[in-house]
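The data block below is coords_0.cif; it holds mmCIF, C-alpha atoms.
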```cif
data_target
#
loop_
_atom_site.label_atom_id
_atom_site.label_comp_id
_atom_site.auth_asym_id
_atom_site.auth_seq_id
_atom_site.Cartn_x
_atom_site.Cartn_y
_atom_site.Cartn_z
CA MET A 1 19.28 -38.62 -21.08
CA MET A 2 16.70 -40.69 -22.95
CA VAL A 3 16.04 -40.62 -26.71
CA SER A 4 12.46 -41.21 -27.90
CA CYS A 5 11.47 -43.14 -31.03
CA THR A 6 10.98 -39.80 -32.78
CA GLY A 7 14.53 -38.75 -31.98
CA LYS A 8 13.71 -36.29 -29.21
CA ARG A 9 16.27 -36.21 -26.41
CA ASN A 10 14.98 -35.60 -22.88
CA TRP A 11 16.67 -35.27 -19.53
CA TYR A 12 15.29 -37.37 -16.67
CA TRP A 13 16.27 -37.75 -13.04
CA ARG A 14 15.91 -41.08 -11.27
CA TYR A 15 15.49 -41.34 -7.51
CA ALA A 16 13.88 -43.44 -4.77
CA TRP A 17 10.92 -42.22 -2.73
CA ARG A 18 9.77 -44.25 0.25
CA GLY A 19 11.35 -47.40 -1.08
CA GLU A 20 9.97 -47.07 -4.62
CA LYS A 21 11.89 -46.09 -7.73
CA GLN A 22 10.72 -42.86 -9.37
CA VAL A 23 11.67 -40.88 -12.45
CA ILE A 24 10.93 -37.25 -13.21
CA ARG A 25 11.34 -35.42 -16.51
CA ILE A 26 13.63 -32.39 -16.40
CA GLY A 27 13.25 -31.12 -19.95
CA GLU A 28 14.21 -31.48 -23.59
CA PHE A 29 17.70 -31.08 -25.01
CA PRO A 30 19.03 -28.69 -26.32
CA GLY A 31 16.46 -26.33 -24.80
CA ILE A 32 17.85 -27.51 -21.46
CA CYS A 33 21.63 -27.83 -21.65
CA VAL A 34 23.63 -30.26 -19.53
CA GLU A 35 24.61 -27.59 -16.95
CA GLU A 36 20.99 -26.52 -16.50
CA ALA A 37 19.84 -30.16 -16.25
CA ARG A 38 22.41 -30.79 -13.51
CA ARG A 39 21.30 -27.67 -11.64
CA ILE A 40 17.65 -28.77 -11.71
CA ALA A 41 18.67 -32.29 -10.62
CA ARG A 42 20.53 -30.80 -7.65
CA GLU A 43 17.37 -28.85 -6.71
CA TYR A 44 15.36 -32.06 -6.84
CA GLY A 45 17.99 -33.74 -4.66
CA ALA A 46 17.72 -30.92 -2.11
CA MET A 47 13.92 -31.36 -2.05
CA LEU A 48 14.39 -35.04 -1.42
CA ASP A 49 16.73 -34.28 1.51
CA GLN A 50 13.94 -32.08 2.98
CA GLY A 51 11.43 -34.94 2.78
CA ILE A 52 9.65 -33.59 -0.31
CA ASP A 53 8.80 -35.80 -3.28
CA PRO A 54 9.85 -33.79 -6.39
CA LYS A 55 7.38 -35.60 -8.64
CA GLY A 56 4.54 -35.12 -6.19
CA GLU A 57 5.42 -31.45 -5.90
CA GLN A 58 5.43 -31.14 -9.69
CA LYS A 59 1.96 -32.69 -9.90
CA ALA A 60 0.68 -30.41 -7.15
CA ARG A 61 2.05 -27.39 -8.99
CA LYS A 62 0.29 -28.37 -12.21
CA ALA A 63 -2.99 -28.60 -10.28
CA MET A 64 -2.40 -25.33 -8.39
CA PRO A 65 -4.86 -22.56 -9.37
CA THR A 66 -3.85 -18.99 -10.02
CA LEU A 67 -5.09 -16.36 -7.58
CA GLU A 68 -7.66 -15.29 -10.20
CA GLU A 69 -8.97 -18.84 -10.64
CA PHE A 70 -9.14 -19.32 -6.88
CA ALA A 71 -10.91 -15.96 -6.44
CA TRP A 72 -13.79 -16.63 -8.85
CA GLU A 73 -14.14 -20.41 -8.52
CA GLN A 74 -13.74 -20.82 -4.77
CA TYR A 75 -13.35 -17.64 -2.72
CA MET A 76 -16.24 -15.52 -4.06
CA PRO A 77 -18.86 -18.32 -3.85
CA TYR A 78 -17.74 -18.80 -0.23
CA ALA A 79 -17.80 -15.04 0.47
CA ARG A 80 -21.33 -14.73 -0.95
CA GLN A 81 -22.51 -17.19 1.67
CA HIS A 82 -20.51 -15.95 4.66
CA LYS A 83 -19.69 -12.23 4.26
CA ARG A 84 -21.91 -9.15 4.18
CA SER A 85 -19.08 -7.31 2.42
CA ALA A 86 -18.82 -9.81 -0.48
CA ASP A 87 -19.71 -7.11 -3.04
CA ASP A 88 -16.93 -4.93 -1.68
CA ASP A 89 -14.50 -7.86 -1.95
CA GLU A 90 -15.54 -8.43 -5.56
CA SER A 91 -14.93 -4.78 -6.38
CA LYS A 92 -11.44 -4.84 -4.83
CA LEU A 93 -10.58 -8.03 -6.69
CA LYS A 94 -11.76 -6.75 -10.08
CA MET A 95 -10.23 -3.30 -9.88
CA TRP A 96 -7.03 -3.78 -7.91
CA VAL A 97 -5.92 -7.19 -6.63
CA LEU A 98 -6.31 -9.44 -9.67
CA PRO A 99 -4.84 -7.04 -12.26
CA LYS A 100 -1.66 -7.06 -10.13
CA LEU A 101 -1.48 -10.56 -8.64
CA GLY A 102 -4.16 -12.58 -10.43
CA ARG A 103 -1.88 -14.51 -12.80
CA LYS A 104 0.37 -15.83 -10.05
CA LEU A 105 -0.11 -19.39 -8.84
CA LEU A 106 -1.26 -19.44 -5.22
CA CYS A 107 1.95 -21.21 -4.21
CA ASP A 108 4.06 -18.49 -5.88
CA ILE A 109 2.56 -15.54 -3.98
CA THR A 110 5.16 -14.34 -1.50
CA ARG A 111 5.12 -12.11 1.53
CA GLN A 112 7.06 -9.54 -0.49
CA ASP A 113 4.42 -9.60 -3.27
CA VAL A 114 1.66 -8.73 -0.81
CA ASP A 115 3.79 -6.17 1.05
CA MET A 116 4.70 -4.34 -2.17
CA TYR A 117 1.08 -4.44 -3.37
CA ARG A 118 -0.40 -3.00 -0.17
CA THR A 119 2.39 -0.38 0.00
CA ALA A 120 1.39 0.81 -3.48
CA ILE A 121 -2.26 1.00 -2.38
CA LYS A 122 -1.23 3.03 0.67
CA GLY A 123 0.63 5.44 -1.60
CA SER A 124 -2.38 6.05 -3.84
CA HIS A 125 -5.08 5.82 -1.16
CA THR A 126 -4.77 5.62 2.65
CA ALA A 127 -3.34 3.30 5.28
CA SER A 128 -6.83 2.11 6.21
CA THR A 129 -7.63 1.26 2.58
CA ALA A 130 -4.33 -0.62 2.26
CA ASN A 131 -5.19 -2.56 5.41
CA ARG A 132 -8.54 -3.60 3.95
CA HIS A 133 -6.76 -4.94 0.85
CA HIS A 134 -4.22 -6.68 3.10
CA ALA A 135 -7.05 -8.31 5.07
CA LEU A 136 -8.77 -9.56 1.91
CA ILE A 137 -5.63 -11.21 0.50
CA ALA A 138 -4.73 -12.65 3.91
CA ARG A 139 -8.21 -14.19 4.27
CA MET A 140 -8.07 -15.71 0.79
CA LEU A 141 -4.68 -17.31 1.46
CA SER A 142 -5.84 -18.47 4.88
CA LEU A 143 -8.78 -20.28 3.27
CA ALA A 144 -6.40 -21.81 0.71
CA VAL A 145 -4.47 -23.30 3.66
CA GLU A 146 -7.68 -24.54 5.32
CA TRP A 147 -8.75 -26.17 2.05
CA ASP A 148 -5.35 -27.91 1.64
CA LEU A 149 -4.24 -25.91 -1.40
CA LEU A 150 -1.34 -24.28 0.45
CA LYS A 151 0.82 -25.49 3.31
CA VAL A 152 1.44 -22.05 4.82
CA ASN A 153 0.01 -18.56 4.51
CA PRO A 154 2.89 -16.24 3.48
CA VAL A 155 1.07 -13.20 4.91
CA THR A 156 0.88 -14.56 8.46
CA GLY A 157 2.62 -12.15 10.82
CA LEU A 158 2.71 -9.24 8.35
CA LYS A 159 1.66 -6.26 10.48
CA LYS A 160 -0.96 -3.86 9.21
CA PHE A 161 -0.20 -0.20 8.67
CA ARG A 162 -0.91 2.19 11.49
CA GLU A 163 -4.13 4.07 10.83
CA ALA A 164 -5.02 7.62 11.81
CA SER A 165 -7.34 7.66 14.82
CA ASP A 166 -9.13 10.94 14.14
CA ALA A 167 -12.58 11.42 12.65
CA GLY A 168 -11.16 12.19 9.23
CA ARG A 169 -11.30 15.30 7.09
CA PHE A 170 -14.63 17.05 6.70
CA LEU A 171 -15.59 19.72 4.20
CA THR A 172 -16.74 23.18 5.19
CA PRO A 173 -19.96 24.59 3.66
CA GLU A 174 -17.85 26.66 1.26
CA GLU A 175 -15.89 23.59 0.14
CA ILE A 176 -19.11 21.60 -0.22
CA GLY A 177 -20.49 24.28 -2.55
CA ARG A 178 -17.39 24.05 -4.74
CA LEU A 179 -17.53 20.26 -4.81
CA LEU A 180 -21.22 20.20 -5.75
CA ALA A 181 -20.55 22.68 -8.54
CA ALA A 182 -17.76 20.44 -9.85
CA LEU A 183 -19.99 17.36 -9.67
CA ASP A 184 -22.59 19.22 -11.76
CA GLN A 185 -19.98 19.33 -14.54
CA GLU A 186 -18.75 15.73 -14.10
CA GLU A 187 -18.98 13.67 -17.31
CA ASN A 188 -20.06 10.54 -15.43
CA VAL A 189 -23.50 11.75 -14.33
CA VAL A 190 -24.41 8.52 -12.51
CA ALA A 191 -21.21 8.58 -10.43
CA ALA A 192 -21.69 12.30 -9.73
CA ALA A 193 -25.23 11.64 -8.51
CA ALA A 194 -24.05 8.81 -6.25
CA LEU A 195 -21.38 11.07 -4.73
CA LYS A 196 -23.95 13.80 -4.11
CA VAL A 197 -26.26 11.35 -2.34
CA LEU A 198 -23.34 10.15 -0.20
CA LEU A 199 -22.71 13.74 0.88
CA LEU A 200 -26.40 14.52 1.44
CA THR A 201 -27.27 11.40 3.44
CA GLY A 202 -24.07 10.36 5.23
CA CYS A 203 -24.40 6.79 3.92
CA ARG A 204 -21.43 4.54 3.31
CA ARG A 205 -20.14 4.10 -0.23
CA GLU A 206 -21.29 0.49 -0.67
CA GLU A 207 -24.70 1.24 0.85
CA ILE A 208 -25.39 3.71 -1.94
CA ALA A 209 -23.62 1.75 -4.69
CA GLN A 210 -25.80 -1.28 -3.93
CA ALA A 211 -29.09 0.67 -3.73
CA ARG A 212 -31.93 -0.82 -5.79
CA TRP A 213 -35.07 0.93 -7.03
CA GLU A 214 -37.16 -1.59 -5.10
CA HIS A 215 -35.60 -0.26 -1.88
CA LEU A 216 -36.91 3.28 -2.45
CA ASP A 217 -40.09 4.24 -0.61
CA ALA A 218 -41.03 7.45 -2.41
CA GLU A 219 -44.19 7.97 -0.37
CA ARG A 220 -42.40 7.90 2.99
CA GLU A 221 -39.22 9.43 1.51
CA LEU A 222 -37.02 6.59 2.75
CA LEU A 223 -34.25 4.36 1.36
CA LYS A 224 -34.03 0.81 2.70
CA LEU A 225 -30.53 -0.52 3.31
CA PRO A 226 -30.91 -4.32 3.53
CA LYS A 227 -27.18 -4.97 3.99
CA THR A 228 -25.37 -2.61 6.37
CA LYS A 229 -22.03 -2.84 8.14
CA ALA A 230 -23.85 -3.75 11.36
CA GLY A 231 -25.71 -6.54 9.59
CA LYS A 232 -29.12 -4.99 10.22
CA VAL A 233 -31.75 -3.50 7.93
CA ARG A 234 -31.72 0.30 8.15
CA TRP A 235 -34.03 2.97 6.74
CA VAL A 236 -32.38 6.23 5.64
CA PRO A 237 -34.51 9.40 5.45
CA LEU A 238 -34.17 11.10 2.07
CA ASN A 239 -34.11 14.87 2.45
CA GLU A 240 -35.40 17.17 -0.27
CA GLN A 241 -31.94 17.68 -1.76
CA ALA A 242 -31.20 13.93 -2.01
CA GLN A 243 -34.61 13.33 -3.59
CA ALA A 244 -33.90 16.00 -6.20
CA VAL A 245 -30.68 14.20 -7.15
CA LEU A 246 -32.55 10.91 -7.58
CA VAL A 247 -35.25 12.52 -9.70
CA GLY A 248 -32.56 13.94 -11.98
CA LEU A 249 -30.94 10.57 -12.70
CA PRO A 250 -30.87 9.44 -16.36
CA ASN A 251 -33.53 6.88 -17.27
CA ILE A 252 -31.59 3.59 -17.45
CA ASP A 253 -33.43 0.28 -17.37
CA GLY A 254 -32.21 -2.02 -14.63
CA PRO A 255 -32.56 -2.80 -10.93
CA TRP A 256 -29.82 -0.45 -9.69
CA VAL A 257 -30.34 3.16 -8.70
CA PHE A 258 -26.73 3.84 -9.68
CA PRO A 259 -25.86 1.34 -12.45
CA GLY A 260 -22.42 0.75 -13.89
CA ARG A 261 -21.51 0.72 -17.57
CA ASP A 262 -23.31 -2.62 -17.67
CA PRO A 263 -26.82 -1.68 -16.44
CA SER A 264 -27.24 -5.16 -14.96
CA GLN A 265 -24.43 -4.40 -12.51
CA PRO A 266 -24.15 -1.67 -9.84
CA ILE A 267 -21.60 1.10 -10.18
CA HIS A 268 -18.17 -0.02 -8.96
CA ASN A 269 -15.75 2.84 -9.50
CA LEU A 270 -16.51 6.13 -7.77
CA TYR A 271 -12.86 6.85 -7.06
CA LYS A 272 -11.84 8.34 -10.44
CA PRO A 273 -14.91 10.61 -10.82
CA PHE A 274 -14.40 11.77 -7.21
CA LYS A 275 -10.76 12.66 -7.85
CA ARG A 276 -11.71 14.55 -11.01
CA ALA A 277 -14.31 16.54 -9.07
CA LEU A 278 -11.84 17.37 -6.29
CA LYS A 279 -9.34 18.64 -8.85
CA ALA A 280 -11.98 20.69 -10.68
CA ALA A 281 -13.13 22.19 -7.37
CA GLY A 282 -9.57 23.07 -6.35
CA LEU A 283 -9.80 20.89 -3.24
CA ASP A 284 -7.15 18.78 -1.53
CA GLU A 285 -6.96 15.55 -3.54
CA SER A 286 -6.15 13.56 -0.38
CA ILE A 287 -9.82 13.92 0.65
CA ARG A 288 -11.47 10.50 0.66
CA ILE A 289 -14.94 9.43 -0.41
CA HIS A 290 -15.56 8.37 3.20
CA ASP A 291 -14.91 11.98 4.24
CA LEU A 292 -18.26 12.87 2.64
CA ARG A 293 -19.86 10.86 5.47
CA HIS A 294 -17.77 12.76 8.02
CA SER A 295 -18.80 16.02 6.36
CA PHE A 296 -22.49 15.17 6.64
CA ALA A 297 -22.15 14.30 10.33
CA SER A 298 -19.88 17.21 11.23
CA ASN A 299 -22.01 19.84 9.56
CA ALA A 300 -25.17 18.35 11.11
CA VAL A 301 -23.71 18.60 14.63
CA THR A 302 -22.44 22.12 13.96
CA ALA A 303 -25.95 23.12 12.85
CA GLY A 304 -27.41 21.92 16.15
CA VAL A 305 -28.54 18.36 15.35
CA SER A 306 -28.20 16.22 18.48
CA LEU A 307 -25.56 13.51 18.72
CA PHE A 308 -28.31 10.94 19.24
CA GLN A 309 -29.96 11.99 15.98
CA VAL A 310 -26.63 11.90 14.15
CA GLN A 311 -26.01 8.41 15.54
CA THR A 312 -29.34 7.29 14.12
CA LEU A 313 -28.76 8.97 10.75
CA LEU A 314 -25.33 7.35 10.36
CA GLY A 315 -26.48 3.95 11.58
CA HIS A 316 -23.82 3.77 14.29
CA SER A 317 -24.29 0.74 16.51
CA SER A 318 -23.04 2.60 19.58
CA SER A 319 -22.90 6.19 20.79
CA GLN A 320 -19.12 5.91 21.21
CA MET A 321 -18.68 6.05 17.45
CA THR A 322 -20.64 9.30 17.29
CA GLN A 323 -18.79 10.95 20.18
CA ARG A 324 -15.96 11.89 17.79
CA TYR A 325 -18.22 14.74 16.63
CA ALA A 326 -19.10 15.98 20.14
CA HIS A 327 -16.48 18.76 20.12
CA LEU A 328 -18.24 20.33 17.14
CA ALA A 329 -21.53 20.83 18.98
CA GLY A 330 -20.29 24.16 20.34
CA SER A 331 -23.07 26.62 21.11
CA ALA A 332 -25.76 23.97 20.68
CA LEU A 333 -24.43 22.06 23.69
CA HIS A 334 -24.03 25.30 25.65
CA ASP A 335 -27.65 26.19 24.90
CA ALA A 336 -28.77 22.71 25.97
CA SER A 337 -26.75 23.01 29.18
CA ALA A 338 -28.30 26.42 29.92
CA VAL A 339 -31.82 25.05 29.38
CA ALA A 340 -31.14 22.12 31.74
CA ALA A 341 -29.65 24.36 34.44
CA LYS A 342 -32.51 26.86 34.19
CA ALA A 343 -35.08 24.07 34.52
CA MET A 344 -33.38 22.73 37.62
CA LEU A 345 -33.19 26.15 39.26
CA VAL A 346 -36.86 26.86 38.54
CA ALA A 347 -37.80 23.49 40.03
CA ALA A 348 -35.65 24.16 43.11
CA GLN A 349 -37.24 27.58 43.66
CA GLN A 350 -40.72 26.13 43.36
CA GLN A 351 -39.79 23.48 45.93
CA LYS A 352 -38.65 26.18 48.39
CA ALA A 353 -41.88 28.08 47.96
#
```
Reformat the file's structure so that it appears as structure tokens.
Amino acid sequence: MMVSCTGKRNWYWRYAWRGEKQVIRIGEFPGICVEEARRIAREYGAMLDQGIDPKGEQKARKAMPTLEEFAWEQYMPYARQHKRSADDDESKLKMWVLPKLGRKLLCDITRQDVDMYRTAIKGSHTASTANRHHALIARMLSLAVEWDLLKVNPVTGLKKFREASDAGRFLTPEEIGRLLAALDQEENVVAAAALKVLLLTGCRREEIAQARWEHLDAERELLKLPKTKAGKVRWVPLNEQAQAVLVGLPNIDGPWVFPGRDPSQPIHNLYKPFKRALKAAGLDESIRIHDLRHSFASNAVTAGVSLFQVQTLLGHSSSQMTQRYAHLAGSALHDASAVAAKAMLVAAQQQKA
């Protein structure tokens, strides 16, 4: 113990590191009693036995950012330059990750922290959503290792949840009618309009959330999607029903078709309004926003729209992704098969003649 000129009594631990004498402050007495000071000194001794300099570790800890500081100061600027889904990452961070884990120092985030967090997300959402959150946190911690802020990534080796392999739930025409009626009564009119456009166009959530007025071509009845999942610019045809929704939007100054509470920012949270609408419509509350996209595709195929056309409307990069809806084609495919067979038989008969 050392006593300062002001009378304060502090505990210190002296040790040698690589041939040089070092001293590290443990704490002030009586806030730290003698038993506690000895315990901390033993911990420092154990670190020394493992080849770790306690004083250096203490300095590194003081310089260690929290997950929130790392997210805004380092990760998001990097993501803006390297990821098409940076806006989606920002939304996840604001709404879910940082409120739960943001105050923790990077070095204090454990495998258990991440596992418990993603398990909670799986309970309130789906396995696939939980896996997307898992992937975001894992990537952030991986970059922290690459940038020499962490020595190891605690999430390495943590297996993702098993995801359902089916095409997802899709709404029947009767259920769609009930949902649209509920959205007409939704208090958040901007969110309700965005959900309607998702259902009526088959677009992805972020594609609609990030839509700007400058991307609308009213004359050609098209919406330009400059940033898609495939990384390519895509033009979405706006049917009469989708156009009517856009015309009915409240007049809010700003660049976004669907602005958030702050008109300078796009809408971020469609989840709560969607759940309210499902409840008001008496529908299964496990239905996801992404199921609106499945509903658009499934009902289109059932109505006789070709799989090739559905592939184009959804912006699928390959036909394999659209084949999940092939079993719904039903009579349309039978009619197409009959036309093809009839054409071949007529051609064969003409050849014989």
Problem set entry | For A:Ala281, the nearest of the candidates A:Gly260, A:Pro266, A:Pro226, A:Gly177, counting all atoms listed in the file | A:Gly177
Exercise. Which distance in Å separates atom CA of A:Leu223 and atom CA of A:Trp235, to one decimal?
Worked result: 5.6 Å
Per residue of stretch 71-127 of chain A within 9 Å of stretch 141-153 of chain A, record the nearest atom pair and its distance in Å to one decimal, counting all atoms listed in the file, with rows in chain order and ascending residue number, as CSV.
```
residue,atom,partner,partner_atom,distance
A:Tyr75,CA,A:Leu143,CA,8.0
A:Leu106,CA,A:Leu150,CA,7.5
A:Cys107,CA,A:Leu150,CA,6.5
A:Thr110,CA,A:Asn153,CA,9.0
A:Arg111,CA,A:Asn153,CA,8.8
```
Exercise. The PyMOL selection byres ((chain A and resi 97) around 12) on the file shown: which residues, as number ranges by chain?
Worked result: A: 67-68, 71, 89-96, 98-104, 113-114, 116-118, 120-121, 130, 132-138, 140
Exercise. Nearest to A:Lys21 among A:Lys232, A:Lys55, A:Arg139, A:Arg38, with distances taken over all atoms listed in the file: which residue is it?
Worked result: A:Lys55
Seminar exercise, completed: Counting all atoms listed in the file, closest pick from A:Met1, A:Leu216, A:Ile109, A:Leu278 relative to A:Leu292 is A:Leu278
Residue members of the PyMOL selection byres ((chain A and resi 283) around 12) in the file shown, as a PDB file with C-alpha atoms, in the frame of the given file:
```
ATOM      1  CA  ARG A 169     -11.300  15.300   7.090  1.00  0.00           C
ATOM      2  CA  PHE A 170     -14.630  17.050   6.700  1.00  0.00           C
ATOM      3  CA  LEU A 171     -15.590  19.720   4.200  1.00  0.00           C
ATOM      4  CA  THR A 172     -16.740  23.180   5.190  1.00  0.00           C
ATOM      5  CA  GLU A 174     -17.850  26.660   1.260  1.00  0.00           C
ATOM      6  CA  GLU A 175     -15.890  23.590   0.140  1.00  0.00           C
ATOM      7  CA  ILE A 176     -19.110  21.600  -0.220  1.00  0.00           C
ATOM      8  CA  GLY A 177     -20.490  24.280  -2.550  1.00  0.00           C
ATOM      9  CA  ARG A 178     -17.390  24.050  -4.740  1.00  0.00           C
ATOM     10  CA  LEU A 179     -17.530  20.260  -4.810  1.00  0.00           C
ATOM     11  CA  LEU A 180     -21.220  20.200  -5.750  1.00  0.00           C
ATOM     12  CA  ALA A 182     -17.760  20.440  -9.850  1.00  0.00           C
ATOM     13  CA  PHE A 274     -14.400  11.770  -7.210  1.00  0.00           C
ATOM     14  CA  LYS A 275     -10.760  12.660  -7.850  1.00  0.00           C
ATOM     15  CA  ARG A 276     -11.710  14.550 -11.010  1.00  0.00           C
ATOM     16  CA  ALA A 277     -14.310  16.540  -9.070  1.00  0.00           C
ATOM     17  CA  LEU A 278     -11.840  17.370  -6.290  1.00  0.00           C
ATOM     18  CA  LYS A 279      -9.340  18.640  -8.850  1.00  0.00           C
ATOM     19  CA  ALA A 280     -11.980  20.690 -10.680  1.00  0.00           C
ATOM     20  CA  ALA A 281     -13.130  22.190  -7.370  1.00  0.00           C
ATOM     21  CA  GLY A 282      -9.570  23.070  -6.350  1.00  0.00           C
ATOM     22  CA  ASP A 284      -7.150  18.780  -1.530  1.00  0.00           C
ATOM     23  CA  GLU A 285      -6.960  15.550  -3.540  1.00  0.00           C
ATOM     24  CA  SER A 286      -6.150  13.560  -0.380  1.00  0.00           C
ATOM     25  CA  ILE A 287      -9.820  13.920   0.650  1.00  0.00           C
ATOM     26  CA  ARG A 288     -11.470  10.500   0.660  1.00  0.00           C
TER      27      ARG A 288
END
```
Exercise. Which residue gives the smallest distance to A:Asn188 among A:Arg261, A:Lys83, A:Arg61, A:Arg25, with all atoms listed in the file counted?
Worked result: A:Arg261
For this session: Could you tell me which residues the PyMOL selection byres ((chain A and resi 269) around 9) grabs in this file, written as a VMD selection string?
Result: chain A and resid 91 95 191 260 267 to 268 270 to 273
For this session: Find the spatial neighbours of A:Gly202, counting only C-alpha atoms, within a cut-off of 12 Å - ignore same-chain residues fewer than 3 positions away - and output them as a PyMOL selection string.
Result: chain A and resi 170+194-199+205-208+236-239+242+289-300+310-316
Problem set entry | Atomic distance atom CA of A:Ile24 - atom CA of A:Gln58, expressed in Å with one decimal |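 Pair atom CA of A:Ile24 / atom CA of A:Gln58 returns 8.9 Å.
Distance-wise, atom CA of A:Pro263 and atom CA of A:Pro250 end up 11.8 Å apart.
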Problem set entry | Selected residue, from A:Gln265, A:Gln350, A:Gln50, A:Thr201, that lies nearest to A:Glu240 when counting all atoms listed in the file |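 Closest to A:Glu240, using all atoms listed in the file: A:Thr201.
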Problem set entry | Nearest-residue call for A:Val245, choices A:Ala86, A:Val189, A:Met2, A:Met47, using all atoms listed in the file | A:Val189
Write out N, CA and C atoms for stretch 84-101 of chain A, as a PDB file, keeping the file's coordinate frame.
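Below you can see rebuild_5.pdb, which holds the result:
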```
ATOM      1  N   ARG A  84     -21.027 -10.247   4.608  1.00  0.00           N
ATOM      2  CA  ARG A  84     -21.910  -9.150   4.180  1.00  0.00           C
ATOM      3  C   ARG A  84     -21.194  -8.236   3.195  1.00  0.00           C
ATOM      4  N   SER A  85     -19.864  -8.215   3.271  1.00  0.00           N
ATOM      5  CA  SER A  85     -19.080  -7.310   2.420  1.00  0.00           C
ATOM      6  C   SER A  85     -18.585  -8.010   1.148  1.00  0.00           C
ATOM      7  N   ALA A  86     -19.271  -9.061   0.699  1.00  0.00           N
ATOM      8  CA  ALA A  86     -18.820  -9.810  -0.480  1.00  0.00           C
ATOM      9  C   ALA A  86     -18.756  -8.917  -1.724  1.00  0.00           C
ATOM     10  N   ASP A  87     -19.726  -8.009  -1.877  1.00  0.00           N
ATOM     11  CA  ASP A  87     -19.710  -7.110  -3.040  1.00  0.00           C
ATOM     12  C   ASP A  87     -18.479  -6.208  -3.015  1.00  0.00           C
ATOM     13  N   ASP A  88     -18.108  -5.765  -1.824  1.00  0.00           N
ATOM     14  CA  ASP A  88     -16.930  -4.930  -1.680  1.00  0.00           C
ATOM     15  C   ASP A  88     -15.675  -5.720  -2.039  1.00  0.00           C
ATOM     16  N   ASP A  89     -15.633  -6.990  -1.615  1.00  0.00           N
ATOM     17  CA  ASP A  89     -14.500  -7.860  -1.950  1.00  0.00           C
ATOM     18  C   ASP A  89     -14.397  -8.025  -3.465  1.00  0.00           C
ATOM     19  N   GLU A  90     -15.534  -8.246  -4.107  1.00  0.00           N
ATOM     20  CA  GLU A  90     -15.540  -8.430  -5.560  1.00  0.00           C
ATOM     21  C   GLU A  90     -15.009  -7.191  -6.273  1.00  0.00           C
ATOM     22  N   SER A  91     -15.397  -6.027  -5.784  1.00  0.00           N
ATOM     23  CA  SER A  91     -14.930  -4.780  -6.380  1.00  0.00           C
ATOM     24  C   SER A  91     -13.412  -4.641  -6.235  1.00  0.00           C
ATOM     25  N   LYS A  92     -12.886  -4.920  -5.043  1.00  0.00           N
ATOM     26  CA  LYS A  92     -11.440  -4.840  -4.830  1.00  0.00           C
ATOM     27  C   LYS A  92     -10.691  -5.819  -5.737  1.00  0.00           C
ATOM     28  N   LEU A  93     -11.229  -7.018  -5.859  1.00  0.00           N
ATOM     29  CA  LEU A  93     -10.580  -8.030  -6.690  1.00  0.00           C
ATOM     30  C   LEU A  93     -10.543  -7.596  -8.155  1.00  0.00           C
ATOM     31  N   LYS A  94     -11.673  -7.139  -8.671  1.00  0.00           N
ATOM     32  CA  LYS A  94     -11.760  -6.750 -10.080  1.00  0.00           C
ATOM     33  C   LYS A  94     -10.853  -5.572 -10.408  1.00  0.00           C
ATOM     34  N   MET A  95     -10.893  -4.556  -9.556  1.00  0.00           N
ATOM     35  CA  MET A  95     -10.230  -3.300  -9.880  1.00  0.00           C
ATOM     36  C   MET A  95      -8.765  -3.254  -9.498  1.00  0.00           C
ATOM     37  N   TRP A  96      -8.371  -3.977  -8.452  1.00  0.00           N
ATOM     38  CA  TRP A  96      -7.030  -3.780  -7.910  1.00  0.00           C
ATOM     39  C   TRP A  96      -6.221  -5.066  -7.749  1.00  0.00           C
ATOM     40  N   VAL A  97      -6.739  -6.024  -7.005  1.00  0.00           N
ATOM     41  CA  VAL A  97      -5.920  -7.190  -6.630  1.00  0.00           C
ATOM     42  C   VAL A  97      -5.562  -8.059  -7.834  1.00  0.00           C
ATOM     43  N   LEU A  98      -6.562  -8.486  -8.585  1.00  0.00           N
ATOM     44  CA  LEU A  98      -6.310  -9.440  -9.670  1.00  0.00           C
ATOM     45  C   LEU A  98      -5.509  -8.863 -10.837  1.00  0.00           C
ATOM     46  N   PRO A  99      -5.713  -7.583 -11.215  1.00  0.00           N
ATOM     47  CA  PRO A  99      -4.840  -7.040 -12.260  1.00  0.00           C
ATOM     48  C   PRO A  99      -3.357  -7.073 -11.874  1.00  0.00           C
ATOM     49  N   LYS A 100      -3.047  -7.054 -10.578  1.00  0.00           N
ATOM     50  CA  LYS A 100      -1.660  -7.060 -10.130  1.00  0.00           C
ATOM     51  C   LYS A 100      -1.139  -8.463  -9.807  1.00  0.00           C
ATOM     52  N   LEU A 101      -1.954  -9.273  -9.140  1.00  0.00           N
ATOM     53  CA  LEU A 101      -1.480 -10.560  -8.640  1.00  0.00           C
ATOM     54  C   LEU A 101      -2.239 -11.758  -9.202  1.00  0.00           C
TER      55      LEU A 101
END
```
